[in-house]
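Enquirer: Contents are compact mmCIF, C-alpha atoms and all ligand atoms; file name my_file19.txt:
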```
# COMPACT_ATOMS: atom_id res chain seq x y z
CA MET A 1 42.23 159.39 3.31
CA LYS A 2 39.68 156.63 3.70
CA LYS A 3 40.85 153.18 4.63
CA GLU A 4 39.98 149.91 2.97
CA VAL A 5 39.83 146.53 4.67
CA PRO A 6 40.83 143.55 2.50
CA PRO A 7 38.21 140.78 2.13
CA THR A 8 40.54 138.19 3.67
CA ALA A 9 43.26 138.40 6.29
CA GLY A 10 46.50 138.08 4.36
CA LEU A 11 49.81 138.16 6.18
CA PRO A 12 51.34 141.55 5.32
CA LEU A 13 54.87 141.46 3.95
CA HIS A 14 57.65 143.49 5.50
CA TRP A 15 60.46 145.13 3.54
CA ARG A 16 62.92 142.98 5.47
CA ASP A 17 61.34 139.88 3.90
CA PHE A 18 63.03 140.96 0.67
CA LEU A 19 66.52 140.69 2.17
CA PRO A 20 68.25 137.42 1.35
CA SER A 21 68.19 135.21 4.43
CA GLY A 22 69.20 131.76 3.29
CA LYS A 23 65.88 130.36 4.57
CA THR A 24 64.13 127.96 2.23
CA LEU A 25 60.37 127.93 1.87
CA GLU A 26 60.21 124.15 1.54
CA GLN A 27 62.02 123.57 4.83
CA GLY A 28 60.03 126.27 6.62
CA LEU A 29 56.69 124.89 5.43
CA ALA A 30 57.68 121.30 6.17
CA ALA A 31 58.51 122.27 9.75
CA PHE A 32 55.34 124.38 10.04
CA LEU A 33 53.14 121.53 8.75
CA GLY A 34 54.94 118.74 10.60
CA LEU A 35 56.11 116.89 7.51
CA PRO A 36 59.51 115.67 6.32
CA GLU A 37 59.10 117.58 3.04
CA VAL A 38 56.68 119.64 0.94
CA GLN A 39 56.68 120.63 -2.73
CA VAL A 40 56.26 124.23 -3.90
CA GLU A 41 54.54 124.92 -7.24
CA CYS A 42 53.66 128.18 -9.01
CA SER A 43 50.00 128.23 -7.89
CA GLY A 44 47.41 126.17 -6.07
CA THR A 45 45.98 125.33 -9.48
CA ALA A 46 49.40 124.18 -10.71
CA ALA A 47 49.73 122.04 -7.57
CA LEU A 48 46.39 120.41 -8.41
CA VAL A 49 47.52 119.83 -12.00
CA VAL A 50 50.66 118.08 -10.73
CA ALA A 51 48.55 116.02 -8.29
CA LEU A 52 45.99 114.89 -10.88
CA THR A 53 48.63 114.21 -13.55
CA THR A 54 50.34 111.96 -11.01
CA LEU A 55 47.16 110.07 -10.10
CA LYS A 56 46.13 109.69 -13.71
CA GLN A 57 49.31 107.77 -14.54
CA GLY A 58 48.64 104.06 -14.41
CA SER A 59 44.87 104.52 -14.13
CA THR A 60 42.13 104.30 -16.72
CA ARG A 61 39.72 106.29 -14.57
CA THR A 62 38.68 109.66 -16.00
CA SER A 63 36.41 111.56 -13.61
CA VAL A 64 37.17 113.80 -10.67
CA VAL A 65 34.39 114.61 -8.20
CA ILE A 66 34.32 118.18 -6.87
CA PRO A 67 31.97 120.32 -4.80
CA ALA A 68 29.44 122.16 -7.00
CA TYR A 69 30.45 125.35 -5.17
CA THR A 70 34.19 125.93 -5.23
CA CYS A 71 36.87 127.94 -7.01
CA PRO A 72 36.34 127.76 -10.81
CA LEU A 73 40.08 127.07 -11.15
CA VAL A 74 39.44 123.57 -9.79
CA PRO A 75 37.39 122.30 -12.78
CA ILE A 76 39.73 124.25 -15.09
CA ALA A 77 42.70 122.29 -13.68
CA ILE A 78 40.80 119.01 -14.12
CA VAL A 79 40.02 119.79 -17.77
CA HIS A 80 43.67 120.81 -18.28
CA CYS A 81 44.67 117.28 -17.23
CA GLY A 82 42.31 115.71 -19.77
CA LEU A 83 39.96 114.57 -17.02
CA LYS A 84 36.27 115.17 -16.47
CA PRO A 85 34.97 117.27 -13.55
CA VAL A 86 31.86 115.74 -11.97
CA LEU A 87 29.79 117.82 -9.57
CA CYS A 88 28.67 116.72 -6.14
CA ASP A 89 26.01 118.82 -4.43
CA LEU A 90 26.60 120.33 -1.01
CA GLN A 91 24.99 119.65 2.33
CA PRO A 92 22.16 122.12 2.98
CA ASP A 93 23.48 125.46 4.24
CA HIS A 94 27.11 124.25 4.17
CA PHE A 95 30.10 123.91 1.84
CA ASP A 96 30.66 120.23 2.77
CA LEU A 97 29.94 117.56 0.18
CA CYS A 98 26.53 115.93 0.62
CA PRO A 99 27.21 112.24 1.46
CA GLN A 100 24.15 111.01 -0.50
CA SER A 101 25.03 113.03 -3.56
CA LEU A 102 28.61 111.76 -3.22
CA THR A 103 27.65 108.08 -3.32
CA GLN A 104 25.43 108.80 -6.32
CA VAL A 105 28.14 110.45 -8.41
CA CYS A 106 31.08 108.21 -7.45
CA ASN A 107 31.69 104.98 -9.35
CA ALA A 108 34.40 102.80 -10.90
CA ASP A 109 35.41 105.72 -13.15
CA THR A 110 36.13 108.08 -10.24
CA LEU A 111 39.84 108.81 -10.12
CA ALA A 112 39.68 111.25 -7.22
CA ILE A 113 37.35 113.16 -4.91
CA ILE A 114 38.29 116.72 -3.93
CA PRO A 115 36.79 117.83 -0.60
CA THR A 116 37.48 121.49 0.20
CA HIS A 117 38.44 123.24 3.43
CA LEU A 118 36.75 126.46 2.44
CA GLY A 119 37.70 129.75 4.06
CA GLY A 120 39.92 128.01 6.61
CA ARG A 121 36.99 125.93 7.89
CA VAL A 122 37.84 122.26 8.26
CA ALA A 123 35.66 120.06 6.05
CA ASP A 124 34.05 116.83 7.23
CA LEU A 125 36.30 114.23 5.61
CA ALA A 126 34.89 111.06 7.22
CA PRO A 127 32.14 110.41 4.62
CA VAL A 128 34.51 111.37 1.80
CA LEU A 129 37.23 108.97 2.93
CA ALA A 130 34.63 106.19 3.33
CA THR A 131 33.14 106.67 -0.14
CA ALA A 132 36.60 106.95 -1.71
CA ARG A 133 37.60 103.64 -0.11
CA GLN A 134 34.42 101.97 -1.38
CA VAL A 135 34.93 102.96 -5.01
CA GLY A 136 38.73 102.85 -5.02
CA ALA A 137 39.22 106.58 -5.62
CA TYR A 138 41.94 108.87 -4.29
CA VAL A 139 41.18 111.83 -2.04
CA VAL A 140 42.83 115.17 -2.86
CA GLU A 141 42.15 117.75 -0.15
CA ASP A 142 41.73 121.27 -1.46
CA ALA A 143 43.21 123.27 1.39
CA ALA A 144 43.94 126.30 -0.82
CA GLN A 145 42.34 128.58 1.79
CA ALA A 146 43.41 126.66 4.88
CA LEU A 147 47.19 126.80 5.40
CA GLY A 148 47.66 126.21 9.13
CA ALA A 149 44.32 124.44 9.70
CA GLU A 150 44.37 121.11 11.50
CA TRP A 151 42.20 118.04 11.75
CA LEU A 152 42.77 115.70 14.71
CA GLY A 153 45.98 117.54 15.59
CA LYS A 154 47.55 117.19 12.14
CA SER A 155 47.67 119.63 9.24
CA VAL A 156 44.78 119.38 6.82
CA GLY A 157 45.87 117.78 3.56
CA LEU A 158 47.22 114.65 5.23
CA ALA A 159 44.04 112.64 5.82
CA GLY A 160 43.59 112.12 2.09
CA ASP A 161 46.23 110.94 -0.37
CA ILE A 162 47.35 114.41 -1.45
CA GLY A 163 46.63 117.93 -0.20
CA PHE A 164 47.38 121.35 -1.61
CA PHE A 165 47.56 124.91 -0.31
CA SER A 166 47.54 128.19 -2.20
CA LEU A 167 50.06 130.99 -1.66
CA ALA A 168 48.10 133.40 -3.87
CA VAL A 169 47.25 136.95 -2.87
CA GLY A 170 44.53 136.95 -0.25
CA LYS A 171 45.09 133.40 1.02
CA GLY A 172 47.16 133.98 4.12
CA LEU A 173 50.85 133.53 3.35
CA SER A 174 51.47 134.88 -0.14
CA ILE A 175 54.27 134.97 -2.71
CA PHE A 176 51.72 136.59 -5.09
CA GLU A 177 51.09 133.22 -6.77
CA GLY A 178 52.23 129.92 -5.38
CA GLY A 179 51.06 126.52 -4.28
CA VAL A 180 52.15 123.79 -1.91
CA LEU A 181 51.71 120.05 -2.34
CA VAL A 182 51.70 117.68 0.62
CA ALA A 183 51.22 113.94 0.95
CA ARG A 184 51.47 111.79 4.04
CA ASP A 185 52.96 108.88 2.10
CA ALA A 186 56.65 109.08 1.08
CA SER A 187 56.16 107.15 -2.16
CA MET A 188 53.35 109.52 -3.20
CA ARG A 189 55.65 112.46 -2.50
CA GLN A 190 58.27 110.87 -4.72
CA ARG A 191 55.71 110.44 -7.51
CA LEU A 192 54.62 114.10 -7.19
CA ARG A 193 58.22 115.26 -7.47
CA THR A 194 58.80 113.13 -10.56
CA THR A 195 55.66 114.50 -12.25
CA SER A 196 56.65 118.07 -11.51
CA ALA A 197 60.15 117.56 -12.88
CA GLY A 198 58.55 116.19 -16.04
CA ILE A 199 55.85 118.78 -16.75
CA VAL A 200 56.89 122.06 -15.09
CA PRO A 201 59.51 124.09 -16.99
CA GLY A 202 61.51 127.08 -15.81
CA SER A 203 60.32 130.45 -17.14
CA PRO A 204 62.31 133.67 -16.60
CA TYR A 205 59.32 135.63 -17.97
CA TRP A 206 56.81 134.30 -15.44
CA GLU A 207 59.22 134.42 -12.52
CA THR A 208 60.19 138.05 -13.22
CA ARG A 209 56.57 139.01 -13.64
CA ARG A 210 55.54 137.36 -10.37
CA LEU A 211 58.41 138.99 -8.50
CA ILE A 212 57.36 142.44 -9.71
CA GLU A 213 53.75 141.65 -8.79
CA LEU A 214 54.89 140.53 -5.34
CA ILE A 215 56.73 143.82 -4.83
CA GLY A 216 53.55 145.69 -5.85
CA TYR A 217 51.56 143.60 -3.41
CA ALA A 218 53.99 144.37 -0.59
CA MET A 219 53.73 148.09 -1.38
CA PHE A 220 49.94 148.33 -1.55
CA TYR A 221 48.78 145.74 0.99
CA HIS A 222 47.80 148.14 3.76
CA PRO A 223 44.54 149.93 4.60
CA LEU A 224 45.37 153.02 2.52
CA GLY A 225 46.95 151.36 -0.52
CA LEU A 226 44.18 148.79 -0.81
CA ARG A 227 41.74 151.53 -1.69
CA TYR A 228 43.49 151.94 -5.03
CA VAL A 229 44.32 148.35 -5.94
CA TYR A 230 41.24 146.67 -4.42
CA GLY A 231 38.48 149.00 -3.25
CA ASN A 232 38.09 151.34 -6.20
CA PRO A 233 38.14 148.63 -8.90
CA LEU A 234 35.68 146.63 -6.76
CA ARG A 235 33.21 149.51 -6.47
CA SER A 236 33.41 150.21 -10.15
CA ALA A 237 32.74 146.51 -11.01
CA ILE A 238 29.78 146.39 -8.59
CA LYS A 239 28.35 149.56 -10.08
CA ARG A 240 28.44 148.00 -13.53
CA GLY A 241 26.93 144.77 -12.24
CA TRP A 242 30.06 142.81 -13.13
CA LEU A 243 29.89 140.50 -10.13
CA VAL A 244 32.17 137.75 -11.44
CA GLU A 245 34.85 140.39 -12.06
CA ALA A 246 34.16 142.03 -8.70
CA VAL A 247 35.36 138.95 -6.81
CA GLY A 248 38.01 137.97 -9.38
CA ASP A 249 36.22 134.82 -10.58
CA ASP A 250 36.88 135.67 -14.24
CA PHE A 251 39.42 132.96 -14.99
CA GLY A 252 40.72 131.74 -18.34
CA PHE A 253 41.50 128.17 -19.29
CA ASP A 254 45.26 128.76 -19.60
CA ILE A 255 47.16 127.66 -16.52
CA PRO A 256 50.71 129.03 -16.23
CA LEU A 257 53.07 126.21 -15.22
CA HIS A 258 56.58 127.25 -14.25
CA ARG A 259 59.15 126.79 -11.50
CA VAL A 260 59.14 129.24 -8.59
CA GLY A 261 62.47 131.04 -8.23
CA ARG A 262 64.65 130.69 -5.16
CA TYR A 263 64.56 134.40 -4.32
CA ARG A 264 60.76 134.64 -4.34
CA LYS A 265 60.59 131.50 -2.20
CA SER A 266 63.01 133.04 0.30
CA ILE A 267 60.67 136.05 0.62
CA GLY A 268 57.87 133.65 1.51
CA ALA A 269 60.13 131.79 3.92
CA ASN A 270 60.96 135.04 5.73
CA ALA A 271 57.28 135.98 6.05
CA LEU A 272 56.42 132.43 7.16
CA SER A 273 58.30 133.01 10.41
CA ARG A 274 55.49 135.45 11.40
CA LEU A 275 52.63 133.19 10.29
CA PRO A 276 52.05 131.13 13.48
CA GLN A 277 51.68 134.25 15.59
CA PHE A 278 49.52 135.93 12.95
CA LEU A 279 47.16 132.92 12.76
CA GLN A 280 46.90 132.95 16.55
CA GLN A 281 46.01 136.65 16.49
CA LEU A 282 43.32 135.96 13.87
CA ALA A 283 41.82 133.10 15.89
CA THR A 284 41.69 135.31 18.97
CA GLN A 285 39.93 138.05 17.04
CA ALA A 286 37.51 135.67 15.28
CA ALA A 287 36.13 133.81 18.31
CA PRO A 288 34.13 136.66 19.92
CA ARG A 289 33.08 138.01 16.53
CA GLN A 290 31.78 134.61 15.50
CA ALA A 291 29.73 134.49 18.74
CA GLN A 292 28.48 138.01 18.08
CA LEU A 293 27.19 136.96 14.65
CA GLN A 294 25.69 133.73 15.97
CA ALA A 295 23.62 135.77 18.42
CA ILE A 296 21.80 137.40 15.50
CA PRO A 297 18.63 135.34 14.90
CA GLY A 298 18.40 133.86 11.41
CA LEU A 299 22.14 133.84 10.70
CA HIS A 300 24.15 130.67 10.27
CA VAL A 301 27.87 131.06 10.87
CA LEU A 302 29.99 128.25 9.48
CA GLU A 303 32.14 126.30 11.93
CA ASP A 304 34.79 123.59 11.83
CA THR A 305 33.84 119.95 11.71
CA PRO A 306 34.39 118.21 15.11
CA GLY A 307 38.12 117.54 15.61
CA GLY A 308 38.98 120.42 13.29
CA GLN A 309 40.87 123.56 14.21
CA GLY A 310 40.68 125.92 11.28
CA THR A 311 42.20 129.25 10.36
CA TRP A 312 40.30 132.52 10.16
CA PRO A 313 40.85 134.54 6.99
CA TYR A 314 37.21 135.67 7.16
CA LEU A 315 33.92 134.68 8.75
CA MET A 316 31.51 132.91 6.45
CA LEU A 317 27.77 133.12 7.03
CA THR A 318 24.46 132.40 5.37
CA LEU A 319 21.34 134.54 5.62
CA PRO A 320 17.77 133.18 5.55
CA ASP A 321 17.26 133.91 1.85
CA GLN A 322 18.81 135.62 -1.14
CA LEU A 323 16.68 138.74 -0.70
CA ALA A 324 18.15 139.39 2.74
CA ARG A 325 21.67 138.53 1.59
CA ASP A 326 21.44 140.90 -1.36
CA ALA A 327 19.99 143.65 0.84
CA ALA A 328 22.92 143.27 3.23
CA LEU A 329 25.41 143.36 0.37
CA HIS A 330 23.72 146.37 -1.16
CA GLN A 331 24.55 148.29 2.01
CA LEU A 332 27.90 146.78 2.91
CA TRP A 333 29.75 145.44 -0.14
CA GLY A 334 32.15 148.06 -1.31
CA ALA A 335 31.82 150.06 1.91
CA GLY A 336 35.43 149.32 2.85
CA LEU A 337 34.35 147.17 5.82
CA GLY A 338 35.58 143.83 4.48
CA VAL A 339 32.11 142.48 3.67
CA SER A 340 32.22 140.49 0.46
CA ARG A 341 31.14 137.39 -1.38
CA LEU A 342 33.19 134.31 -2.06
CA PHE A 343 32.67 132.62 -5.44
CA ILE A 344 29.71 134.28 -7.13
CA HIS A 345 27.99 131.18 -8.55
CA ALA A 346 27.63 127.47 -8.22
CA LEU A 347 29.97 126.09 -10.91
CA PRO A 348 27.34 125.35 -13.61
CA ASP A 349 26.21 128.99 -13.49
CA TYR A 350 29.44 130.53 -14.77
CA ASP A 351 29.03 131.28 -18.48
CA TYR A 352 32.51 129.99 -19.21
CA LEU A 353 31.94 126.66 -17.40
CA ARG A 354 28.39 125.98 -18.52
CA HIS A 355 29.48 123.65 -21.33
CA LEU A 356 31.13 121.34 -18.78
CA PHE A 357 28.09 120.90 -16.56
CA ARG A 358 24.98 120.71 -18.66
CA ASP A 359 21.82 119.98 -16.66
CA ALA A 360 23.63 119.64 -13.35
CA ALA A 361 21.05 119.56 -10.56
CA VAL A 362 22.86 121.05 -7.59
CA PRO A 363 20.18 122.94 -5.65
CA ASN A 364 22.08 123.16 -2.36
CA ALA A 365 25.16 124.63 -4.02
CA ARG A 366 23.00 127.23 -5.76
CA GLU A 367 21.28 128.07 -2.46
CA PHE A 368 24.64 128.42 -0.75
CA ALA A 369 25.93 130.77 -3.46
CA ALA A 370 22.75 132.82 -3.18
CA ARG A 371 22.60 133.17 0.61
CA MET A 372 26.20 133.46 1.76
CA LEU A 373 28.46 136.36 2.44
CA THR A 374 31.82 136.82 4.12
CA ILE A 375 33.18 139.30 6.62
CA SER A 376 36.91 139.85 6.63
CA ASN A 377 38.87 138.87 9.71
CA SER A 378 41.73 141.21 8.86
CA PRO A 379 43.39 142.68 11.96
CA TRP A 380 42.77 146.08 10.31
CA LEU A 381 39.01 145.66 10.80
CA GLN A 382 38.30 147.54 14.02
CA GLN A 383 35.59 146.35 16.40
CA ASP A 384 33.36 149.38 15.71
CA GLU A 385 33.61 148.68 11.98
CA PHE A 386 32.70 145.04 12.54
CA ASN A 387 29.75 146.18 14.72
CA GLN A 388 28.58 148.36 11.83
CA SER A 389 28.41 145.30 9.56
CA CYS A 390 26.63 143.28 12.26
CA SER A 391 23.92 145.93 12.71
CA GLY A 392 23.49 146.23 8.96
CA ILE A 393 23.02 142.48 8.63
CA ALA A 394 20.80 142.18 11.71
CA ALA A 395 18.52 144.89 10.30
CA VAL A 396 17.92 143.12 6.98
CA VAL A 397 17.41 139.73 8.64
CA VAL A 398 14.82 141.12 11.03
CA ARG A 399 13.03 143.12 8.32
CA ASP A 400 12.87 139.96 6.26
C1 LIG A 501 42.26 129.90 -4.74
C2 LIG A 501 41.74 128.55 -4.73
C3 LIG A 501 42.27 127.55 -5.56
C4 LIG A 501 43.36 127.82 -6.57
O1 LIG A 501 44.53 128.32 -5.99
P1 LIG A 501 45.47 129.35 -6.81
O2 LIG A 501 46.70 129.46 -5.96
O3 LIG A 501 44.72 130.65 -6.89
O4 LIG A 501 45.73 128.77 -8.13
C5 LIG A 501 41.74 126.29 -5.48
N1 LIG A 501 40.74 126.01 -4.63
C6 LIG A 501 40.20 126.93 -3.81
C7 LIG A 501 39.09 126.55 -2.88
C8 LIG A 501 40.67 128.23 -3.84
O5 LIG A 501 40.13 129.15 -3.04
```
Mind turning the file's structure into structure tokens?
Expert:
Amino acid sequence: MKKEVPPTAGLPLHWRDFLPSGKTLEQGLAAFLGLPEVQVECSGTAALVVALTTLKQGSTRTSVVIPAYTCPLVPIAIVHCGLKPVLCDLQPDHFDLCPQSLTQVCNADTLAIIPTHLGGRVADLAPVLATARQVGAYVVEDAAQALGAEWLGKSVGLAGDIGFFSLAVGKGLSIFEGGVLVARDASMRQRLRTTSAGIVPGSPYWETRRLIELIGYAMFYHPLGLRYVYGNPLRSAIKRGWLVEAVGDDFGFDIPLHRVGRYRKSIGANALSRLPQFLQQLATQAAPRQAQLQAIPGLHVLEDTPGGQGTWPYLMLTLPDQLARDAALHQLWGAGLGVSRLFIHALPDYDYLRHLFRDAAVPNAREFAARMLTISNSPWLQQDEFNQSCSGIAAVVVRD
């Protein structure tokens, strides 16, 4: 049987995680992140909804500034809260917000700015914090893909006013769907708790469904099972040219909001005890591979901002142009080697988001979407398999 490497390095569950242990996810995460307390929600998107609903109270401001290249669930959450997503272009060849674009789009109506620690890479928050201070906006750090990443020795999510992590499939620690809210300020944490108690109901339907999905995930998340639940559907979507579906960017506007059950949280808490060692293993594997990619002329491998120590779910790189990137993907995407794309488009280029972002001029975000690809940092990706991807990419860059 042929193996399949997942596009990101998720922490595999163990059957023992399903035994009741009395551990609580909130306490485990608080200790892991170095905080007195954290708040668990049913998804990263739900965590963002709770955050924005909280900030909106007592403010007349209506816009939320986001990177023009990020998860489509971010503008969907903003719209859900009755707020207006406003796009900020990226820095050239990077996922960081462009400081000039940021000062242009921020004003007295800006409720919050959402910088993003994409793919475990620590974003440059200094210009964001400065602009936010100038216009009186909050900063909500999107650390959905960066649980365990640090900036200046502290967890990401604590430099701004609020931070959130995702516990969805493929984002490191997973309870199939889940989210974590953090805030450095105790009164903000109190406000977040109050909002959640007010807007998030219990739902036996959703909790049962997520538990069954989590069991399915635990059963299939290994190099043989992934062929059936990930690889084969992926290849069939690519063959049809359904790229948005291929990476799972086909989101609807309905956001499930429900409490996460104690049992599912205890499964996450049990797995969490293996996370520090797992993240260490990933960092050790990523460092030489990152250097190996950097040695290929024409490639740009994304790094952490100074002072940042990120996590390594995958390596993120840009090629010199879209032609080269597409040629590399043509060979490698769907080959079972963990080569993939992140979000397919800049936000205005999704059909289902177009109405929100008419005429948005975000050339750097579009360039980034067109020239980037990712290589999984799963421990299941053997060195010879990684070398195969490197040679494939080197060949198209040189030919170009
Ligand atoms: C996945 C993701 C989200 C949303 O998190 P969910 O847990 O899937 O709702 C938000 N932002 C980014 C950058 C993400 O990758």
Enquirer: Separation of CA of Leu13 (chain A) and CA of Glu41 (chain A), in Å?
Expert: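 Computing the Euclidean distance for CA of Leu13 (chain A) and CA of Glu41 (chain A) yields 20.0 Å.
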Enquirer: Taking only C-alpha atoms and all ligand atoms and a cut-off of 6 Å, can you tell me which residues surround ligand LIG 501 (chain A), written as an NGL selection string?
Expert: :A and (43-45 or 70-71 or 73-74 or 118 or 142 or 144-145 or 166-168 or 177-179)
Enquirer: What would the list of residues within 10 Å of (51.9, 123.5, -0.3) (file frame) look like as an MDAnalysis selection string, if all atoms listed in the file are what count?
Expert: chainID A and resid 25:26 29:30 33 37:41 43:44 47 143:144 147 157 163:167 178:183
Enquirer: Name the closest residue to Glu303 (chain A) among the candidates A:Val5, A:Tyr69, A:Arg121, A:Ile267; distances are taken between atoms, counting only C-alpha atoms.
Expert: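 Among A:Val5, A:Tyr69, A:Arg121, A:Ile267, it is A:Arg121 that comes nearest to Glu303 (chain A).
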Enquirer: Pick out the closest residue to Arg16 (chain A) from this set: A:Ile344, A:Ala237, A:Ala218, A:Leu373. Count all atoms listed in the file.
Expert: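 Ranked by minimum distance to Arg16 (chain A), first place goes to A:Ala218.
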Enquirer: Per residue of region 249-361 of chain A within 7 Å of region 384-399 of chain A, what are the shortest atom pair and its distance in Å to one decimal, counting all atoms listed in the file, with rows by chain and residue number, as a tab-separated table?
Expert:
```
residue	atom	partner	partner_atom	distance
A:Leu293	CA	A:Cys390	CA	6.8
A:Ile296	CA	A:Ala394	CA	6.2
A:Gly298	CA	A:Val397	CA	6.6
A:Ala324	CA	A:Val396	CA	5.7
A:Ala327	CA	A:Val396	CA	6.5
A:Ala328	CA	A:Ile393	CA	5.5
A:Leu332	CA	A:Ser389	CA	6.8
A:Leu337	CA	A:Glu385	CA	6.4
```
Enquirer: Nearest residue to Pro36 (chain A) out of A:Asp250, A:Asp96, A:Glu4, A:Asp185, using all atoms listed in the file?
Expert: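 Answer, going by the shortest atom-to-atom distance: A:Asp185.
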Enquirer: Can you find the residues with an atom no farther than 12 Å from (39.7, 127.2, -23.0), counting only C-alpha atoms, and report them as a PDB file with C-alpha atoms, keeping the file's coordinate frame?
Expert:
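The result, written out as selection11.pdb:
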```pdb
ATOM      1  CA  LEU A  73      40.080 127.070 -11.150  1.00  0.00           C
ATOM      2  CA  PRO A  75      37.390 122.300 -12.780  1.00  0.00           C
ATOM      3  CA  ILE A  76      39.730 124.250 -15.090  1.00  0.00           C
ATOM      4  CA  ALA A  77      42.700 122.290 -13.680  1.00  0.00           C
ATOM      5  CA  VAL A  79      40.020 119.790 -17.770  1.00  0.00           C
ATOM      6  CA  HIS A  80      43.670 120.810 -18.280  1.00  0.00           C
ATOM      7  CA  PHE A 251      39.420 132.960 -14.990  1.00  0.00           C
ATOM      8  CA  GLY A 252      40.720 131.740 -18.340  1.00  0.00           C
ATOM      9  CA  PHE A 253      41.500 128.170 -19.290  1.00  0.00           C
ATOM     10  CA  ASP A 254      45.260 128.760 -19.600  1.00  0.00           C
ATOM     11  CA  ILE A 255      47.160 127.660 -16.520  1.00  0.00           C
ATOM     12  CA  TYR A 352      32.510 129.990 -19.210  1.00  0.00           C
ATOM     13  CA  LEU A 353      31.940 126.660 -17.400  1.00  0.00           C
ATOM     14  CA  HIS A 355      29.480 123.650 -21.330  1.00  0.00           C
ATOM     15  CA  LEU A 356      31.130 121.340 -18.780  1.00  0.00           C
TER      16      LEU A 356
END
```
Enquirer: Check the smallest atom-to-atom distance from each of A:Arg371, A:Ser378, A:Leu83, A:Thr305 to Gln285 (chain A) using all atoms listed in the file, then report the winner.
Expert: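 Closest residue, counting all atoms listed in the file: A:Ser378.
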Enquirer: Calculate how many Å separate CA of Thr318 (chain A) from CA of Ala291 (chain A), rounding to one decimal.
Expert: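 For CA of Thr318 (chain A) relative to CA of Ala291 (chain A), the distance reads 14.5 Å.
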Enquirer: Kindly indicate which residue among A:Leu211, A:Leu97, A:Leu35, A:Ala112 lies nearest to Lys265 (chain A), using all atoms listed in the file for the distances.
Expert: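 Smallest separation from Lys265 (chain A) among the options: A:Leu211.
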Enquirer: Would you work out the distance separating CA of Val362 (chain A) from CA of Ala68 (chain A), expressed in Å to one decimal?
Expert: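 If I compute the distance from CA of Val362 (chain A) to CA of Ala68 (chain A), I get 6.7 Å.
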Enquirer: Which is closest to Leu52 (chain A) among A:Thr208, A:Gln382, A:Thr131, A:Thr195, if we use all atoms listed in the file?
Expert: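 The closest residue to Leu52 (chain A) is A:Thr195.
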Enquirer: As a PyMOL selection string, please: the residues near Lys2 (chain A) (cut-off 9 Å, only C-alpha atoms, same-chain neighbours under 6 positions excluded).
Expert: chain A and resi 223-224+227+336
Enquirer: Do a neighbour search on Leu173 (chain A) at 7 Å with all atoms listed in the file, toss out local chain neighbours closer than 5 positions, and write the hits as a PDB file with C-alpha atoms, keeping the file's coordinate frame.
Expert:
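around.pdb, written as the output of this step:
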```pdb
ATOM      1  CA  GLY A  10      46.500 138.080   4.360  1.00  0.00           C
ATOM      2  CA  LEU A  11      49.810 138.160   6.180  1.00  0.00           C
ATOM      3  CA  LEU A 167      50.060 130.990  -1.660  1.00  0.00           C
ATOM      4  CA  LEU A 272      56.420 132.430   7.160  1.00  0.00           C
TER       5      LEU A 272
END
```
Enquirer: Need the shell around Pro256 (chain A): protein/DNA/RNA residues with any atom at most 9 Å away, counting all atoms listed in the file. Skip same-chain ones fewer than 5 positions apart. Format as a ChimeraX atom specification?
Expert: /A:42-43,46,206
Enquirer: Take the selection from the previous step and output its residues with C-alpha atoms, as a compact mmCIF listing (two decimals), in the frame of the given file.
Expert:
```txt
# COMPACT_ATOMS: atom_id res chain seq x y z
CA CYS A 42 53.66 128.18 -9.01
CA SER A 43 50.00 128.23 -7.89
CA ALA A 46 49.40 124.18 -10.71
CA TRP A 206 56.81 134.30 -15.44
```
Enquirer: Write out as a PyMOL selection string which residues come within 10 Å of Pro320 (chain A) when counting all atoms listed in the file, dropping same-chain ones fewer than 5 positions away.
Expert: chain A and resi 93+297-300+325+371-372+397+400
Enquirer: Mind checking which residues fall within 10 Å of Thr8 (chain A), counting all atoms listed in the file, ignoring those fewer than 3 positions away in the same chain, and posting them as a VMD selection string?
Expert: chain A and resid 5 11 119 145 169 to 172 312 to 315 338 to 340 374 to 379
